[in-house]
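J.: Input protein_33.pdb, format and content: PDB, C-alpha atoms, pLDDT in the B column.
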MODEL        1
ATOM      1  CA  MET V 205     -34.855 -14.004  21.014  1.00 60.00           C
ATOM      2  CA  LYS V 206     -36.297 -12.050  18.105  1.00 65.00           C
ATOM      3  CA  THR V 207     -36.467  -8.333  18.894  1.00 77.00           C
ATOM      4  CA  ILE V 208     -37.783  -5.202  17.254  1.00 94.00           C
ATOM      5  CA  THR V 209     -36.264  -1.735  17.560  1.00 96.00           C
ATOM      6  CA  ARG V 210     -38.110   1.013  19.359  1.00 97.00           C
ATOM      7  CA  GLU V 211     -38.357   2.977  16.084  1.00 97.00           C
ATOM      8  CA  ALA V 212     -39.840  -0.021  14.258  1.00 97.00           C
ATOM      9  CA  ALA V 213     -42.262  -0.614  17.144  1.00 97.00           C
ATOM     10  CA  TRP V 214     -43.444   3.025  17.052  1.00 98.00           C
ATOM     11  CA  GLU V 215     -43.936   2.782  13.282  1.00 97.00           C
ATOM     12  CA  LEU V 216     -45.872  -0.479  13.689  1.00 97.00           C
ATOM     13  CA  LEU V 217     -48.071   0.998  16.411  1.00 98.00           C
ATOM     14  CA  ARG V 218     -48.850   4.050  14.253  1.00 97.00           C
ATOM     15  CA  LYS V 219     -49.811   1.825  11.327  1.00 97.00           C
ATOM     16  CA  TYR V 220     -52.843   0.641  13.342  1.00 97.00           C
ATOM     17  CA  ASN V 221     -53.379   3.564  15.734  1.00 97.00           C
ATOM     18  CA  LYS V 222     -54.141   7.164  14.777  1.00 97.00           C
ATOM     19  CA  ASP V 223     -56.129   8.450  17.769  1.00 97.00           C
ATOM     20  CA  PRO V 224     -53.919  10.737  19.916  1.00 97.00           C
ATOM     21  CA  PHE V 225     -55.526   9.301  23.062  1.00 96.00           C
ATOM     22  CA  HIS V 226     -54.381   5.764  22.182  1.00 97.00           C
ATOM     23  CA  LEU V 227     -50.914   6.940  21.158  1.00 98.00           C
ATOM     24  CA  GLN V 228     -50.482   8.879  24.392  1.00 98.00           C
ATOM     25  CA  HIS V 229     -51.618   5.854  26.408  1.00 98.00           C
ATOM     26  CA  ALA V 230     -49.103   3.640  24.555  1.00 98.00           C
ATOM     27  CA  LEU V 231     -46.271   6.112  25.222  1.00 98.00           C
ATOM     28  CA  THR V 232     -47.276   6.402  28.870  1.00 98.00           C
ATOM     29  CA  VAL V 233     -47.352   2.641  29.398  1.00 98.00           C
ATOM     30  CA  GLU V 234     -43.988   2.393  27.620  1.00 98.00           C
ATOM     31  CA  GLY V 235     -42.497   4.947  30.014  1.00 98.00           C
ATOM     32  CA  VAL V 236     -44.055   3.302  33.050  1.00 98.00           C
ATOM     33  CA  MET V 237     -42.719  -0.109  32.011  1.00 98.00           C
ATOM     34  CA  ARG V 238     -39.204   1.302  31.482  1.00 98.00           C
ATOM     35  CA  TRP V 239     -39.344   2.915  34.934  1.00 98.00           C
ATOM     36  CA  TYR V 240     -40.453  -0.330  36.577  1.00 98.00           C
ATOM     37  CA  ALA V 241     -37.697  -2.277  34.765  1.00 98.00           C
ATOM     38  CA  GLY V 242     -35.125   0.039  36.318  1.00 98.00           C
ATOM     39  CA  GLN V 243     -36.706  -0.038  39.768  1.00 98.00           C
ATOM     40  CA  LEU V 244     -37.115  -3.819  39.900  1.00 98.00           C
ATOM     41  CA  GLY V 245     -33.600  -4.792  38.819  1.00 98.00           C
ATOM     42  CA  TYR V 246     -34.302  -5.336  35.122  1.00 98.00           C
ATOM     43  CA  ALA V 247     -32.625  -2.201  33.730  1.00 97.00           C
ATOM     44  CA  HIS V 248     -30.789  -4.420  31.223  1.00 97.00           C
ATOM     45  CA  GLU V 249     -34.229  -5.385  29.840  1.00 96.00           C
ATOM     46  CA  ALA V 250     -35.697  -1.855  29.863  1.00 97.00           C
ATOM     47  CA  ASP V 251     -35.985  -1.743  26.058  1.00 96.00           C
ATOM     48  CA  PHE V 252     -37.918  -5.023  26.002  1.00 97.00           C
ATOM     49  CA  TRP V 253     -40.216  -3.897  28.853  1.00 98.00           C
ATOM     50  CA  GLY V 254     -40.740  -0.533  27.165  1.00 98.00           C
ATOM     51  CA  ILE V 255     -41.557  -1.945  23.733  1.00 98.00           C
ATOM     52  CA  VAL V 256     -44.027  -4.386  25.292  1.00 98.00           C
ATOM     53  CA  GLY V 257     -45.687  -1.368  26.922  1.00 98.00           C
ATOM     54  CA  LEU V 258     -45.646   0.616  23.692  1.00 98.00           C
ATOM     55  CA  LEU V 259     -47.252  -2.167  21.646  1.00 98.00           C
ATOM     56  CA  HIS V 260     -49.610  -3.612  24.269  1.00 98.00           C
ATOM     57  CA  ASP V 261     -52.791  -2.143  22.710  1.00 98.00           C
ATOM     58  CA  ILE V 262     -51.756  -2.412  19.049  1.00 98.00           C
ATOM     59  CA  ASP V 263     -55.085  -3.981  18.046  1.00 98.00           C
ATOM     60  CA  PHE V 264     -57.395  -2.017  20.351  1.00 97.00           C
ATOM     61  CA  GLU V 265     -58.225   0.957  18.127  1.00 96.00           C
ATOM     62  CA  LEU V 266     -59.207  -1.029  15.026  1.00 97.00           C
ATOM     63  CA  TYR V 267     -60.328  -4.279  16.654  1.00 96.00           C
ATOM     64  CA  PRO V 268     -61.670  -3.486  20.152  1.00 95.00           C
ATOM     65  CA  GLU V 269     -63.831  -6.620  20.196  1.00 95.00           C
ATOM     66  CA  GLU V 270     -60.799  -8.756  19.315  1.00 96.00           C
ATOM     67  CA  HIS V 271     -58.347  -7.053  21.688  1.00 96.00           C
ATOM     68  CA  CYS V 272     -55.349  -9.334  22.380  1.00 96.00           C
ATOM     69  CA  ILE V 273     -56.826 -11.821  19.885  1.00 96.00           C
ATOM     70  CA  LYS V 274     -55.935  -9.895  16.711  1.00 97.00           C
ATOM     71  CA  ALA V 275     -52.652  -8.601  18.201  1.00 97.00           C
ATOM     72  CA  PRO V 276     -50.478 -11.682  17.474  1.00 97.00           C
ATOM     73  CA  GLU V 277     -51.249 -11.477  13.752  1.00 97.00           C
ATOM     74  CA  LEU V 278     -50.444  -7.740  13.575  1.00 98.00           C
ATOM     75  CA  LEU V 279     -47.307  -8.166  15.667  1.00 97.00           C
ATOM     76  CA  ARG V 280     -45.988 -11.146  13.656  1.00 97.00           C
ATOM     77  CA  GLU V 281     -46.503  -9.183  10.416  1.00 95.00           C
ATOM     78  CA  GLY V 282     -44.406  -6.432  12.000  1.00 96.00           C
ATOM     79  CA  GLY V 283     -41.555  -8.799  12.826  1.00 95.00           C
ATOM     80  CA  VAL V 284     -42.200  -9.079  16.566  1.00 96.00           C
ATOM     81  CA  GLY V 285     -40.918 -12.250  18.250  1.00 95.00           C
ATOM     82  CA  GLU V 286     -43.071 -14.784  20.075  1.00 95.00           C
ATOM     83  CA  GLU V 287     -41.738 -13.957  23.556  1.00 96.00           C
ATOM     84  CA  MET V 288     -42.795 -10.332  23.139  1.00 96.00           C
ATOM     85  CA  ILE V 289     -46.146 -11.317  21.614  1.00 97.00           C
ATOM     86  CA  ASN V 290     -46.864 -13.566  24.596  1.00 97.00           C
ATOM     87  CA  ALA V 291     -45.923 -10.783  27.039  1.00 97.00           C
ATOM     88  CA  ILE V 292     -48.162  -8.287  25.210  1.00 98.00           C
ATOM     89  CA  CYS V 293     -51.145 -10.643  25.115  1.00 97.00           C
ATOM     90  CA  SER V 294     -50.797 -11.520  28.801  1.00 97.00           C
ATOM     91  CA  HIS V 295     -52.219  -8.122  29.786  1.00 96.00           C
ATOM     92  CA  GLY V 296     -55.544  -9.308  28.377  1.00 96.00           C
ATOM     93  CA  TYR V 297     -55.706 -12.233  30.793  1.00 95.00           C
ATOM     94  CA  GLY V 298     -59.320 -12.986  31.586  1.00 91.00           C
ATOM     95  CA  HIS V 299     -60.211 -12.010  28.024  1.00 89.00           C
ATOM     96  CA  VAL V 300     -57.555 -14.331  26.572  1.00 93.00           C
ATOM     97  CA  ASP V 301     -55.938 -17.417  28.119  1.00 93.00           C
ATOM     98  CA  VAL V 302     -52.389 -16.018  28.298  1.00 94.00           C
ATOM     99  CA  ARG V 303     -51.663 -15.700  32.004  1.00 96.00           C
ATOM    100  CA  PRO V 304     -49.103 -13.123  33.211  1.00 97.00           C
ATOM    101  CA  GLU V 305     -46.198 -15.227  34.530  1.00 97.00           C
ATOM    102  CA  HIS V 306     -43.049 -13.078  34.386  1.00 97.00           C
ATOM    103  CA  LEU V 307     -42.757 -10.088  36.729  1.00 98.00           C
ATOM    104  CA  MET V 308     -42.836  -7.781  33.686  1.00 98.00           C
ATOM    105  CA  GLU V 309     -46.135  -9.284  32.515  1.00 98.00           C
ATOM    106  CA  LYS V 310     -47.664  -8.832  35.960  1.00 98.00           C
ATOM    107  CA  VAL V 311     -46.548  -5.188  36.011  1.00 98.00           C
ATOM    108  CA  LEU V 312     -48.113  -4.596  32.583  1.00 98.00           C
ATOM    109  CA  PHE V 313     -51.343  -6.336  33.600  1.00 98.00           C
ATOM    110  CA  THR V 314     -51.579  -4.165  36.731  1.00 97.00           C
ATOM    111  CA  THR V 315     -50.482  -0.795  35.412  1.00 97.00           C
ATOM    112  CA  ASP V 316     -52.285  -0.696  32.051  1.00 97.00           C
ATOM    113  CA  GLU V 317     -55.664   0.118  33.608  1.00 95.00           C
ATOM    114  CA  LEU V 318     -54.077   2.143  36.403  1.00 97.00           C
ATOM    115  CA  THR V 319     -52.246   4.530  34.073  1.00 98.00           C
ATOM    116  CA  GLY V 320     -55.601   5.360  32.483  1.00 96.00           C
ATOM    117  CA  LEU V 321     -57.142   6.109  35.854  1.00 97.00           C
ATOM    118  CA  ILE V 322     -54.168   8.226  36.970  1.00 98.00           C
ATOM    119  CA  TRP V 323     -54.201  10.171  33.706  1.00 97.00           C
ATOM    120  CA  ALA V 324     -57.952  10.813  34.054  1.00 96.00           C
ATOM    121  CA  ALA V 325     -57.305  12.102  37.589  1.00 97.00           C
ATOM    122  CA  ALA V 326     -54.490  14.342  36.314  1.00 97.00           C
ATOM    123  CA  LEU V 327     -56.793  15.897  33.718  1.00 95.00           C
ATOM    124  CA  MET V 328     -59.140  16.973  36.539  1.00 94.00           C
ATOM    125  CA  ARG V 329     -56.337  18.959  38.187  1.00 95.00           C
ATOM    126  CA  PRO V 330     -55.669  22.648  37.388  1.00 96.00           C
ATOM    127  CA  SER V 331     -52.116  21.658  36.350  1.00 97.00           C
ATOM    128  CA  LYS V 332     -53.361  18.816  34.079  1.00 96.00           C
ATOM    129  CA  SER V 333     -50.279  16.980  35.346  1.00 97.00           C
ATOM    130  CA  VAL V 334     -49.260  14.145  37.646  1.00 98.00           C
ATOM    131  CA  GLN V 335     -46.309  16.155  38.941  1.00 98.00           C
ATOM    132  CA  ASP V 336     -48.290  17.752  41.773  1.00 97.00           C
ATOM    133  CA  MET V 337     -50.674  14.841  42.397  1.00 97.00           C
ATOM    134  CA  GLU V 338     -50.525  13.307  45.844  1.00 96.00           C
ATOM    135  CA  LEU V 339     -51.276   9.698  46.691  1.00 97.00           C
ATOM    136  CA  LYS V 340     -54.109  10.853  48.979  1.00 97.00           C
ATOM    137  CA  SER V 341     -56.010  12.510  46.106  1.00 95.00           C
ATOM    138  CA  LEU V 342     -55.325   9.551  43.803  1.00 96.00           C
ATOM    139  CA  LYS V 343     -56.742   7.145  46.411  1.00 96.00           C
ATOM    140  CA  LYS V 344     -59.860   9.310  46.687  1.00 96.00           C
ATOM    141  CA  LYS V 345     -60.408   9.164  42.905  1.00 96.00           C
ATOM    142  CA  TYR V 346     -59.669   5.432  42.902  1.00 96.00           C
ATOM    143  CA  LYS V 347     -62.342   4.780  45.539  1.00 96.00           C
ATOM    144  CA  SER V 348     -64.947   6.775  43.594  1.00 95.00           C
ATOM    145  CA  LYS V 349     -66.477   4.007  41.434  1.00 89.00           C
ATOM    146  CA  GLY V 350     -68.067   6.521  39.057  1.00 93.00           C
ATOM    147  CA  PHE V 351     -64.711   8.157  38.306  1.00 96.00           C
ATOM    148  CA  ALA V 352     -62.930   6.736  35.236  1.00 95.00           C
ATOM    149  CA  ALA V 353     -65.415   3.871  35.358  1.00 93.00           C
ATOM    150  CA  GLY V 354     -63.830   2.268  32.272  1.00 92.00           C
ATOM    151  CA  CYS V 355     -60.644   1.596  34.256  1.00 94.00           C
ATOM    152  CA  SER V 356     -61.209  -1.735  35.975  1.00 95.00           C
ATOM    153  CA  ARG V 357     -60.372  -1.616  39.659  1.00 96.00           C
ATOM    154  CA  GLU V 358     -60.871  -5.387  39.686  1.00 96.00           C
ATOM    155  CA  VAL V 359     -58.012  -5.858  37.192  1.00 96.00           C
ATOM    156  CA  ILE V 360     -55.766  -3.422  39.092  1.00 97.00           C
ATOM    157  CA  GLU V 361     -56.435  -5.236  42.377  1.00 97.00           C
ATOM    158  CA  GLN V 362     -55.976  -8.658  40.767  1.00 97.00           C
ATOM    159  CA  GLY V 363     -52.643  -7.432  39.393  1.00 97.00           C
ATOM    160  CA  ALA V 364     -51.522  -6.074  42.767  1.00 98.00           C
ATOM    161  CA  GLU V 365     -52.327  -9.478  44.238  1.00 98.00           C
ATOM    162  CA  MET V 366     -50.309 -11.227  41.492  1.00 97.00           C
ATOM    163  CA  LEU V 367     -47.384  -8.946  42.310  1.00 98.00           C
ATOM    164  CA  GLY V 368     -47.816  -9.488  46.037  1.00 98.00           C
ATOM    165  CA  TRP V 369     -47.866  -5.723  46.643  1.00 98.00           C
ATOM    166  CA  PRO V 370     -50.384  -3.724  48.677  1.00 98.00           C
ATOM    167  CA  LEU V 371     -52.659  -1.621  46.470  1.00 98.00           C
ATOM    168  CA  GLU V 372     -51.281   1.584  47.985  1.00 97.00           C
ATOM    169  CA  GLU V 373     -47.753   0.591  46.898  1.00 98.00           C
ATOM    170  CA  VAL V 374     -48.953  -0.086  43.340  1.00 98.00           C
ATOM    171  CA  LEU V 375     -50.682   3.316  43.236  1.00 98.00           C
ATOM    172  CA  GLN V 376     -47.614   5.164  44.543  1.00 98.00           C
ATOM    173  CA  LYS V 377     -45.105   3.381  42.308  1.00 98.00           C
ATOM    174  CA  THR V 378     -47.196   3.876  39.186  1.00 98.00           C
ATOM    175  CA  LEU V 379     -47.737   7.544  40.045  1.00 98.00           C
ATOM    176  CA  ASP V 380     -43.943   7.901  40.455  1.00 98.00           C
ATOM    177  CA  ALA V 381     -43.398   6.146  37.118  1.00 98.00           C
ATOM    178  CA  MET V 382     -45.850   8.478  35.372  1.00 98.00           C
ATOM    179  CA  ARG V 383     -44.157  11.523  36.910  1.00 98.00           C
ATOM    180  CA  ASP V 384     -40.869  10.231  35.547  1.00 98.00           C
ATOM    181  CA  CYS V 385     -42.084   9.848  31.954  1.00 98.00           C
ATOM    182  CA  GLU V 386     -44.696  12.639  31.681  1.00 98.00           C
ATOM    183  CA  ALA V 387     -42.409  15.215  30.017  1.00 98.00           C
ATOM    184  CA  ARG V 388     -41.049  12.686  27.488  1.00 97.00           C
ATOM    185  CA  VAL V 389     -44.585  11.583  26.567  1.00 98.00           C
ATOM    186  CA  ALA V 390     -45.704  15.208  26.130  1.00 97.00           C
ATOM    187  CA  SER V 391     -42.656  15.950  23.985  1.00 97.00           C
ATOM    188  CA  GLU V 392     -43.277  12.955  21.720  1.00 96.00           C
ATOM    189  CA  MET V 393     -46.966  13.815  21.406  1.00 97.00           C
ATOM    190  CA  LYS V 394     -46.056  17.324  20.213  1.00 96.00           C
ATOM    191  CA  MET V 395     -44.109  15.790  17.336  1.00 94.00           C
ATOM    192  CA  LEU V 396     -47.163  13.973  15.940  1.00 89.00           C
TER     193      LEU V 396
ENDMDL
END
Any chance you could give the structure as structure tokens?

T.:
Amino acid sequence: MKTITREAAWELLRKYNKDPFHLQHALTVEGVMRWYAGQLGYAHEADFWGIVGLLHDIDFELYPEEHCIKAPELLREGGVGEEMINAICSHGYGHVDVRPEHLMEKVLFTTDELTGLIWAAALMRPSKSVQDMELKSLKKKYKSKGFAAGCSREVIEQGAEMLGWPLEEVLQKTLDAMRDCEARVASEMKML
């Protein structure tokens, strides 16, 4: 299996992404994926899960209309292996024909949109943090269709179904994952 180091992945991501919002999202999804790897018995694959999360939107900033279509080209140029490319592109299922099959791909598919919604909810809080966010308030924001309207509830629910988890479990686990990585993401963002 052809792999790429975390440092090389970060460099590759930054080659195509300059917007702090996109970089923060990539770091957040990386942290969430690492957390899930540990929780689901894949700690030995945490680097792979994390790098998939870090690179999942590599083409989105420059090529939003070709999201997950342009990615393979950019990733191959950066030395990323086919297994990782497939995993990354699977989060665009519905837009591309790469279906999430592996548990890791299903987690990415589900949590990508959800991390955006949770982060938007955190920004509404006085603390601007997920640390003091409760599931009850997250569920309220989730149910408000006008809130973070760009975050597809349909995709999140489809992902929860793929995973075979109740939506509430997906919300709680992803909130826990974001709590776990929030300080590391903030620290890395300060170094930009």

J.: Counting all atoms listed in the file, find residues at most 12 Å from (-57.0, 12.8, 45.9) (file frame) and give them as number ranges by chain.

T.: V: 322, 325-326, 328-329, 334, 336-348, 351, 375

J.: Find the spatial neighbours of V:Met237, counting all atoms listed in the file, within a cut-off of 9 Å - ignore same-chain residues fewer than 3 positions away - and output them as an mmCIF file with C-alpha atoms, keeping the file's coordinate frame.

T.:
data_model
loop_
_atom_site.group_PDB
_atom_site.id
_atom_site.type_symbol
_atom_site.label_atom_id
_atom_site.label_comp_id
_atom_site.auth_asym_id
_atom_site.auth_seq_id
_atom_site.Cartn_x
_atom_site.Cartn_y
_atom_site.Cartn_z
ATOM 1 C CA THR V 232 -47.276 6.402 28.870
ATOM 2 C CA VAL V 233 -47.352 2.641 29.398
ATOM 3 C CA GLU V 234 -43.988 2.393 27.620
ATOM 4 C CA TYR V 240 -40.453 -0.330 36.577
ATOM 5 C CA ALA V 241 -37.697 -2.277 34.765
ATOM 6 C CA GLY V 242 -35.125 0.039 36.318
ATOM 7 C CA ALA V 250 -35.697 -1.855 29.863
ATOM 8 C CA TRP V 253 -40.216 -3.897 28.853
ATOM 9 C CA GLY V 254 -40.740 -0.533 27.165
ATOM 10 C CA ILE V 255 -41.557 -1.945 23.733
ATOM 11 C CA VAL V 256 -44.027 -4.386 25.292
ATOM 12 C CA GLY V 257 -45.687 -1.368 26.922
ATOM 13 C CA LEU V 258 -45.646 0.616 23.692
ATOM 14 C CA MET V 308 -42.836 -7.781 33.686
ATOM 15 C CA VAL V 311 -46.548 -5.188 36.011
ATOM 16 C CA LEU V 312 -48.113 -4.596 32.583
ATOM 17 C CA THR V 315 -50.482 -0.795 35.412
ATOM 18 C CA ALA V 381 -43.398 6.146 37.118
#

J.: Using all atoms listed in the file, which residue out of V:Leu396, V:Glu211, V:Glu265, V:Thr319 lies closest to V:Gln376?

T.: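 Ranked by minimum distance to V:Gln376, first place goes to V:Thr319.
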
J.: Rounded to one decimal in Å, what is the spacing between atom CA of V:Arg280 and atom CA of V:His260?

T.: 13.5 Å

J.: Apply the PyMOL selection byres ((chain V and resi 305) around 12) to the displayed file and report the matching residues as number ranges by chain.

T.: V: 287, 290-295, 297, 301-304, 306-313, 363, 366-367

J.: Distance atom CA of V:Leu318-atom CA of V:Gly282, one decimal place?

T.: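 So the two atoms, atom CA of V:Leu318 and atom CA of V:Gly282, lie 27.6 Å apart.
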
J.: Please report the interatomic distance between atom CA of V:Met393 and atom CA of V:Ser333 in Å with one decimal.

T.: 14.7 Å

J.: Using all atoms listed in the file, which protein or nucleic acid residues come within 7 Å of stretch 217-220 of chain V? Drop anything in the same chain fewer than 5 positions from it, and give the result as a PDB file with C-alpha atoms, keeping the file's coordinate frame.

T.:
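around-v6.pdb was written with the following content:
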ATOM      1  CA  LEU V 259     -47.252  -2.167  21.646  1.00 98.00           C
ATOM      2  CA  ILE V 262     -51.756  -2.412  19.049  1.00 98.00           C
ATOM      3  CA  ASP V 263     -55.085  -3.981  18.046  1.00 98.00           C
ATOM      4  CA  LEU V 266     -59.207  -1.029  15.026  1.00 97.00           C
TER       5      LEU V 266
END

J.: Just say which residues the PyMOL selection byres ((chain V and resi 387) around 12) picks in this file, as a PDB file with C-alpha atoms, keeping the file's coordinate frame.

T.:
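Okay, this is what ended up in part-v6.pdb:
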ATOM      1  CA  GLN V 228     -50.482   8.879  24.392  1.00 98.00           C
ATOM      2  CA  LEU V 231     -46.271   6.112  25.222  1.00 98.00           C
ATOM      3  CA  THR V 232     -47.276   6.402  28.870  1.00 98.00           C
ATOM      4  CA  GLY V 235     -42.497   4.947  30.014  1.00 98.00           C
ATOM      5  CA  SER V 333     -50.279  16.980  35.346  1.00 97.00           C
ATOM      6  CA  VAL V 334     -49.260  14.145  37.646  1.00 98.00           C
ATOM      7  CA  GLN V 335     -46.309  16.155  38.941  1.00 98.00           C
ATOM      8  CA  ALA V 381     -43.398   6.146  37.118  1.00 98.00           C
ATOM      9  CA  MET V 382     -45.850   8.478  35.372  1.00 98.00           C
ATOM     10  CA  ARG V 383     -44.157  11.523  36.910  1.00 98.00           C
ATOM     11  CA  ASP V 384     -40.869  10.231  35.547  1.00 98.00           C
ATOM     12  CA  CYS V 385     -42.084   9.848  31.954  1.00 98.00           C
ATOM     13  CA  GLU V 386     -44.696  12.639  31.681  1.00 98.00           C
ATOM     14  CA  ARG V 388     -41.049  12.686  27.488  1.00 97.00           C
ATOM     15  CA  VAL V 389     -44.585  11.583  26.567  1.00 98.00           C
ATOM     16  CA  ALA V 390     -45.704  15.208  26.130  1.00 97.00           C
ATOM     17  CA  SER V 391     -42.656  15.950  23.985  1.00 97.00           C
ATOM     18  CA  GLU V 392     -43.277  12.955  21.720  1.00 96.00           C
ATOM     19  CA  MET V 393     -46.966  13.815  21.406  1.00 97.00           C
ATOM     20  CA  LYS V 394     -46.056  17.324  20.213  1.00 96.00           C
TER      21      LYS V 394
END

J.: Using only C-alpha atoms, can you tell me which of V:His299, V:Cys355, V:Thr314, V:Leu327 comes closest to V:Val374?

T.: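 Smallest distance to V:Val374 is found for V:Thr314.
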
J.: Determine the nearest neighbour of V:Ile273 from the options V:Gly296, V:Val236, V:Ala353, V:Asp251, counting all atoms listed in the file.

T.: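 Of V:Gly296, V:Val236, V:Ala353, V:Asp251, the one nearest V:Ile273, counting all atoms listed in the file, is V:Gly296.
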
J.: With distances taken over all atoms listed in the file, which of V:Glu358, V:Glu317, V:Glu372, V:Glu281 is nearest to V:Ile208?

T.: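 For V:Ile208, the nearest of the candidates is V:Glu281.
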
J.: Using the atoms already present, construct all heavy atoms for stretch 253-260 of chain V and hand them back as a short mmCIF file (atom, residue, chain, number, x, y, z; two decimals), in the frame of the given file.

T.:
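So the final result, stored in out14.cif, reads:
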data_model
loop_
_atom_site.label_atom_id
_atom_site.label_comp_id
_atom_site.auth_asym_id
_atom_site.auth_seq_id
_atom_site.Cartn_x
_atom_site.Cartn_y
_atom_site.Cartn_z
N TRP V 253 -39.06 -4.29 28.04
CA TRP V 253 -40.22 -3.90 28.85
C TRP V 253 -40.94 -2.71 28.21
O TRP V 253 -42.16 -2.69 28.13
CB TRP V 253 -39.77 -3.53 30.27
CG TRP V 253 -39.40 -4.66 31.17
CD1 TRP V 253 -38.59 -5.73 30.87
CD2 TRP V 253 -39.79 -4.84 32.53
NE1 TRP V 253 -38.46 -6.54 31.98
CE2 TRP V 253 -39.18 -6.02 33.01
CE3 TRP V 253 -40.59 -4.10 33.40
CZ2 TRP V 253 -39.35 -6.48 34.30
CZ3 TRP V 253 -40.76 -4.56 34.71
CH2 TRP V 253 -40.15 -5.74 35.15
N GLY V 254 -40.15 -1.73 27.77
CA GLY V 254 -40.74 -0.53 27.16
C GLY V 254 -41.50 -0.83 25.88
O GLY V 254 -42.60 -0.32 25.67
N ILE V 255 -40.90 -1.63 25.01
CA ILE V 255 -41.56 -1.94 23.73
C ILE V 255 -42.83 -2.76 23.96
O ILE V 255 -43.84 -2.55 23.29
CB ILE V 255 -40.57 -2.62 22.75
CG1 ILE V 255 -39.50 -1.59 22.32
CG2 ILE V 255 -41.29 -3.19 21.54
CD1 ILE V 255 -38.32 -2.17 21.57
N VAL V 256 -42.80 -3.66 24.93
CA VAL V 256 -44.03 -4.39 25.29
C VAL V 256 -45.10 -3.38 25.70
O VAL V 256 -46.26 -3.47 25.26
CB VAL V 256 -43.76 -5.42 26.41
CG1 VAL V 256 -45.07 -5.92 27.03
CG2 VAL V 256 -42.95 -6.59 25.87
N GLY V 257 -44.73 -2.41 26.51
CA GLY V 257 -45.69 -1.37 26.92
C GLY V 257 -46.18 -0.55 25.75
O GLY V 257 -47.37 -0.25 25.64
N LEU V 258 -45.27 -0.19 24.85
CA LEU V 258 -45.65 0.62 23.69
C LEU V 258 -46.64 -0.11 22.79
O LEU V 258 -47.61 0.48 22.31
CB LEU V 258 -44.38 0.97 22.89
CG LEU V 258 -44.56 1.92 21.71
CD1 LEU V 258 -44.96 3.32 22.17
CD2 LEU V 258 -43.27 1.98 20.90
N LEU V 259 -46.43 -1.40 22.60
CA LEU V 259 -47.25 -2.17 21.65
C LEU V 259 -48.44 -2.89 22.28
O LEU V 259 -49.21 -3.54 21.57
CB LEU V 259 -46.37 -3.21 20.93
CG LEU V 259 -45.30 -2.66 19.99
CD1 LEU V 259 -44.44 -3.80 19.46
CD2 LEU V 259 -45.93 -1.88 18.84
N HIS V 260 -48.64 -2.76 23.59
CA HIS V 260 -49.61 -3.61 24.27
C HIS V 260 -51.04 -3.49 23.73
O HIS V 260 -51.79 -4.44 23.77
CB HIS V 260 -49.58 -3.38 25.78
CG HIS V 260 -50.33 -2.18 26.25
ND1 HIS V 260 -49.85 -0.90 26.11
CD2 HIS V 260 -51.54 -2.07 26.84
CE1 HIS V 260 -50.72 -0.05 26.61
NE2 HIS V 260 -51.76 -0.73 27.06
#
